[in-house]
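Visitor: Sharing a structure here in structure tokens format.
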Amino acid sequence: MKRTITLVVNGEEWRIDVEPNDTLLETLRDRIGVKSPKVGCERGDCGSCTVLLNGRTARSCLVLAVEADGMEVTTVEGLGRDGLTPLQNAFLEENSFQCGFCAPGVILAATELLRENPNPTEDEVKEAISGNLCRCTGYEPIVRAVLRAAGAEEKR
Ligand code: FES
Ligand code: FES
């Protein structure tokens with residue numbers, strides 16, 4: 001039986017009917033039209049579906065939409081609403097992506113890291129993005145971008 005839930009997605013409130021087994025990932029992409037969380041493994045392994053749920057990273061393929069009822073969801077579309085963040089600019093400057101499939105999840109994982117730890121070490125950056133798989137570039141340019149952004153994010 002469908003249930004009506006409320007989500008605040010990138011600052012906009014949605015009331016939406018969902019099935020009990022609809023995932024947050026499906027709901028964001030197919031019902032709300034937010035496409036940056038990507039459909040990868042759909043079992044919690046790759047991190048491509050990462051979103052911020054009430055400010056904390058979550059794998060949206062593992063969260064039922066009904067479990068997210070009343071919560072705030074942020075995706076990269078929301079991060080960039082007022083222009084690219086220093087972190088996003090650093091990823092551009094370091095050419096940190098190739099196909100970009102992993103990019104939304106990596107950016108959100110790194111955003112959470114820099115909010116909690118504005119000056120991380122290289123090892124802390126690697127640990128923070130360890131749940132986000134990139135099939136293309138390797139991780140060095142990604143780590144460089146996060147370290148490059150660290151000081152700039154702190155001054156925002
Ligand atoms: S699609 Fe969710 S972790 Fe891979
Ligand atoms: S840039 Fe292609 S998966 Fe990371």
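To be explicit about the labels: the chains of the structure tokens are called A, B, and onward in the order shown, and within each one the residues are counted from 1, while ligands get numbers from 1 in the order they are shown.
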Which chains and residue numbers are within 10 Å of ligand 1, counting only C-alpha atoms and all ligand atoms, if I want them as a ChimeraX atom specification?
Guide: /A:25,37-51,58-63,102,105,131-133
Visitor: Which chains and residue numbers are within 7 Å of ligand 2, counting only C-alpha atoms and all ligand atoms, if I want them as a PyMOL selection string?
Guide: chain A and resi 97-103+133-137
Visitor: Which is closest to A:Glu116 among A:Gly55, A:Ala90, A:Glu77, A:Ile129, if we use only C-alpha atoms?
Guide: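 Using only C-alpha atoms, the shortest distance to A:Glu116 belongs to A:Gly55.
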Visitor: So which residues of stretch 3-141 of chain A fall under strand (DSSP E) by DSSP, listed as a VMD selection string?
Guide: chain A and resid 3 to 9 12 to 18 50 to 53 56 to 59 72 to 74
Visitor: Between A:Gly33, A:Ser96, A:Ser130, A:Ala68, which has the minimum distance to A:Val146 (counting only C-alpha atoms)?
Guide: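 Answer, going by the shortest atom-to-atom distance: A:Ser96.
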Visitor: Find the spatial neighbours of stretch 6-21 of chain A, counting only C-alpha atoms, within a cut-off of 8 Å - ignore same-chain residues fewer than 3 positions away - and output them as a list in words.
Guide: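 So the residues in contact are Met1, Lys2, Arg3, Thr27, Leu64, Ala65, Val66, Ala68, Asp69, Gly70, Met71, Glu72, Val73, Thr74, Thr75, Glu77, Gly78 and Leu79 of chain A.
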Visitor: What would the file look like if the residues just selected were written as a compact mmCIF listing (two decimals), in the first residue's frame with N, CA and C atoms?
Guide:
```txt
# COMPACT_ATOMS: atom_id res chain seq x y z
N MET A 1 0.84 -1.20 0.00
CA MET A 1 0.00 0.00 0.00
C MET A 1 0.88 1.25 0.00
N LYS A 2 0.54 2.18 -0.86
CA LYS A 2 1.37 3.39 -0.96
C LYS A 2 1.27 4.24 0.31
N ARG A 3 2.33 4.97 0.53
CA ARG A 3 2.34 5.87 1.69
C ARG A 3 2.85 7.23 1.22
N THR A 27 13.43 6.92 -5.88
CA THR A 27 12.49 8.03 -5.69
C THR A 27 13.13 9.34 -6.17
N LEU A 64 15.25 2.96 2.26
CA LEU A 64 13.89 2.99 1.70
C LEU A 64 13.37 4.42 1.76
N ALA A 65 12.58 4.77 0.77
CA ALA A 65 12.03 6.12 0.74
C ALA A 65 11.24 6.40 2.02
N VAL A 66 10.50 5.41 2.50
CA VAL A 66 9.69 5.64 3.71
C VAL A 66 10.58 5.89 4.94
N ALA A 68 13.20 7.65 4.85
CA ALA A 68 13.71 9.03 4.74
C ALA A 68 12.60 10.05 4.95
N ASP A 69 11.41 9.59 5.28
CA ASP A 69 10.27 10.50 5.47
C ASP A 69 10.63 11.60 6.48
N GLY A 70 10.44 12.84 6.07
CA GLY A 70 10.69 13.98 6.94
C GLY A 70 12.13 14.47 6.94
N MET A 71 12.97 13.84 6.15
CA MET A 71 14.40 14.19 6.17
C MET A 71 14.77 15.16 5.05
N GLU A 72 15.96 15.74 5.23
CA GLU A 72 16.54 16.62 4.20
C GLU A 72 17.54 15.83 3.39
N VAL A 73 17.40 15.94 2.09
CA VAL A 73 18.33 15.26 1.18
C VAL A 73 19.09 16.33 0.40
N THR A 74 20.41 16.19 0.37
CA THR A 74 21.23 17.10 -0.45
C THR A 74 22.03 16.27 -1.44
N THR A 75 21.99 16.73 -2.69
CA THR A 75 22.79 16.11 -3.75
C THR A 75 23.71 17.19 -4.32
N GLU A 77 23.43 18.72 -6.98
CA GLU A 77 22.62 19.81 -7.53
C GLU A 77 22.37 20.88 -6.46
N GLY A 78 22.20 20.42 -5.22
CA GLY A 78 21.95 21.36 -4.13
C GLY A 78 23.22 22.07 -3.68
N LEU A 79 24.33 21.35 -3.72
CA LEU A 79 25.59 21.99 -3.32
C LEU A 79 25.92 23.16 -4.24
```
Visitor: From the list A:Glu93, A:Pro141, A:Ala150, A:Thr85, which residue is nearest A:Asn117 when using only C-alpha atoms?
Guide: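 Going through A:Glu93, A:Pro141, A:Ala150, A:Thr85 one by one, the smallest distance to A:Asn117 is for A:Ala150.
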Visitor: Using Å and a single decimal, report how far atom CA of A:Leu114 sits from atom CA of A:Phe91.
Guide: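 So the two atoms, atom CA of A:Phe91 and atom CA of A:Leu114, lie 14.0 Å apart.
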Visitor: Looking only at helix (DSSP H, G or I) from DSSP on the backbone, list the matching residues of stretch 60-146 of chain A as a PyMOL selection string.
Guide: chain A and resi 65-68+76-79+86-93+103-116+122-128+140-146
Visitor: Using only C-alpha atoms, pick whichever of A:Val76, A:Leu147, A:Leu92, A:Leu52 has the shortest atom-to-atom distance to A:Glu122.
Guide: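 Looking only at the distances to A:Glu122, the closest residue turns out to be A:Leu147.
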Visitor: Nearest to A:Asn89: which of A:Glu26, A:Asn119, A:Ile142, A:Ala109 is it, counting only C-alpha atoms?
Guide: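 Once distances to A:Asn89 are computed over only C-alpha atoms, the minimum belongs to A:Ile142.
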